[in-house]
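File shown here: protein.cif, holding mmCIF, C-alpha atoms.
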data_model
#
loop_
_atom_site.label_atom_id
_atom_site.label_comp_id
_atom_site.auth_asym_id
_atom_site.auth_seq_id
_atom_site.Cartn_x
_atom_site.Cartn_y
_atom_site.Cartn_z
CA MET T 1 -6.16 -10.75 -7.44
CA ARG T 2 -2.71 -9.23 -7.22
CA VAL T 3 -2.87 -5.48 -6.68
CA MET T 4 -0.43 -2.66 -6.11
CA LEU T 5 -1.32 -0.12 -3.46
CA LYS T 6 0.34 3.26 -3.79
CA ALA T 7 0.03 5.34 -0.63
CA THR T 8 1.25 8.91 -0.97
CA MET T 9 1.58 10.12 2.59
CA ASP T 10 0.98 13.63 3.88
CA THR T 11 4.31 15.16 4.91
CA GLU T 12 2.99 17.05 7.94
CA LYS T 13 1.04 14.07 9.27
CA THR T 14 3.96 11.65 8.83
CA ASN T 15 6.37 14.18 10.36
CA GLU T 16 4.15 14.10 13.47
CA LEU T 17 4.24 10.28 13.49
CA ILE T 18 8.02 10.28 13.13
CA ARG T 19 8.54 12.87 15.89
CA SER T 20 6.23 10.96 18.25
CA GLY T 21 8.00 7.68 17.50
CA LYS T 22 4.75 6.08 16.24
CA MET T 23 5.70 5.73 12.55
CA PRO T 24 7.35 2.28 12.88
CA GLU T 25 4.32 0.92 14.76
CA VAL T 26 1.81 2.36 12.26
CA MET T 27 3.77 0.95 9.29
CA LYS T 28 4.18 -2.44 10.98
CA GLU T 29 0.44 -2.69 11.61
CA ALA T 30 -0.34 -1.77 7.99
CA LEU T 31 2.18 -4.30 6.64
CA ASP T 32 0.93 -7.01 9.00
CA ARG T 33 -2.60 -6.50 7.65
CA LEU T 34 -1.55 -6.48 4.00
CA GLN T 35 1.08 -9.23 4.10
CA PRO T 36 2.63 -7.83 0.90
CA GLU T 37 4.75 -9.96 -1.40
CA ALA T 38 6.76 -6.80 -2.10
CA ALA T 39 7.03 -3.46 -0.29
CA TYR T 40 8.97 -0.42 -1.49
CA PHE T 41 9.29 3.00 0.14
CA GLY T 42 10.70 6.25 -1.15
CA PRO T 43 9.99 9.76 -2.32
CA VAL T 44 7.66 10.09 -5.32
CA ASP T 45 6.92 13.61 -6.54
CA GLY T 46 8.51 14.91 -3.35
CA GLN T 47 6.30 12.96 -0.92
CA ARG T 48 6.82 9.86 1.19
CA THR T 49 5.32 6.98 -0.73
CA ALA T 50 4.75 3.28 -0.15
CA LEU T 51 4.31 0.85 -3.06
CA LEU T 52 2.91 -2.45 -1.80
CA VAL T 53 2.05 -5.53 -3.84
CA PHE T 54 -0.37 -7.99 -2.26
CA ASP T 55 -3.20 -10.41 -2.96
CA LEU T 56 -6.72 -8.98 -2.61
CA THR T 57 -9.11 -11.91 -2.27
CA ASP T 58 -12.32 -9.94 -1.68
CA SER T 59 -13.34 -6.30 -2.05
CA SER T 60 -14.64 -6.33 1.54
CA GLU T 61 -10.97 -6.28 2.59
CA LEU T 62 -10.56 -2.73 1.31
CA PRO T 63 -11.70 -0.79 4.39
CA PRO T 64 -9.43 -2.47 6.96
CA LEU T 65 -6.49 -2.47 4.53
CA ASN T 66 -6.76 1.17 3.46
CA GLU T 67 -7.96 2.96 6.59
CA PRO T 68 -4.60 3.14 8.40
CA PHE T 69 -3.18 5.05 5.45
CA PHE T 70 -6.14 7.46 5.47
CA THR T 71 -6.59 7.91 9.21
CA GLU T 72 -2.99 7.73 10.43
CA MET T 73 -1.10 9.27 7.50
CA ASN T 74 -3.70 11.34 5.65
CA ALA T 75 -2.50 9.52 2.53
CA ARG T 76 -3.79 9.49 -1.01
CA VAL T 77 -4.33 5.81 -1.82
CA GLU T 78 -4.48 4.24 -5.28
CA MET T 79 -4.96 0.54 -5.97
CA THR T 80 -4.21 -1.00 -9.34
CA PRO T 81 -4.64 -4.61 -10.52
CA ILE T 82 -1.25 -5.88 -11.67
CA MET T 83 0.37 -9.04 -13.05
CA ASN T 84 3.74 -10.66 -12.70
CA ALA T 85 5.42 -12.24 -15.73
CA GLU T 86 3.77 -15.63 -15.12
CA ASP T 87 0.31 -14.04 -14.89
CA MET T 88 0.91 -12.16 -18.13
CA ARG T 89 2.04 -15.32 -19.97
CA LYS T 90 -1.05 -17.17 -18.73
CA GLY T 91 -3.33 -14.33 -19.81
CA LEU T 92 -1.73 -13.99 -23.22
CA SER T 93 -1.89 -17.74 -23.86
CA ALA T 94 -5.64 -17.65 -23.20
CA MET T 95 -6.06 -15.13 -26.01
CA GLY T 96 -5.42 -17.43 -28.83
#
Turn this file's structure into structure tokens for me.
Amino acid sequence: MRVMLKATMDTEKTNELIRSGKMPEVMKEALDRLQPEAAYFGPVDGQRTALLVFDLTDSSELPPLNEPFFTEMNARVEMTPIMNAEDMRKGLSAMG
């Protein structure tokens, strides 16, 4: 299932990672785990935020995928099932 992960990162915690030089490594490890089809980064409501779209094949993947955001960045994490245009067309055509 295609999902979008929104990680709203704690400013103080990510400032520490940036100052220590560890932020690129932490982000690379998270992205390597997720293998997102799309990844966007920017400020949302005044906080560093990552929006990542990836395929979740099994709910047992949640702990290893989410933990770096919790433990390393003290982030608030939200995951939402999403569709691309092709998925939406397929779903709508099954309705009738």
- Item | Distance of atom CA of T:Ala7 from atom CA of T:Pro36, expressed in Å to one decimal place |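 Pair atom CA of T:Pro36 / atom CA of T:Ala7 returns 13.5 Å.
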- Carefully work through the PyMOL selection byres ((chain T and resi 67-78) around 7) for this structure and note down the residues it includes, as a list in words.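 Taken on the displayed file, the PyMOL selection byres ((chain T and resi 67-78) around 7) yields the residues Leu5, Lys6, Ala7, Thr8, Met9, Asp10, Lys13, Thr14, Ala30, Pro63, Pro64, Leu65, Asn66, Met79 and Thr80 of chain T.
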- Task: I need the residue set behind the PyMOL selection byres ((chain T and resi 83) around 12) for this file; please write it as a count of residues only.
- Result: 19
- Rounded to one decimal place, report the atom CA of T:Arg48-atom CA of T:Val26 distance in Å. 14.3 Å
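Rounded to one decimal, atom CA of T:Leu52 and atom CA of T:Lys28 lie 12.8 Å from each other.
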Write out as JSON an axis-aligned box for stretch 65-82 of chain T: all of its atoms listed in the file, 5 Å added on each side, centre and edge lengths in Å with one decimal.
{"center_x": -4.5, "center_y": 2.7, "center_z": -0.6, "size_x": 16.9, "size_y": 27.2, "size_z": 32.1}
- Query: Of the candidates T:Tyr40, T:Lys22, T:Arg33, T:Gly46, which one gets nearest to T:Glu61 if we count all atoms listed in the file?
  - Reply: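 Nearest to T:Glu61: T:Arg33.
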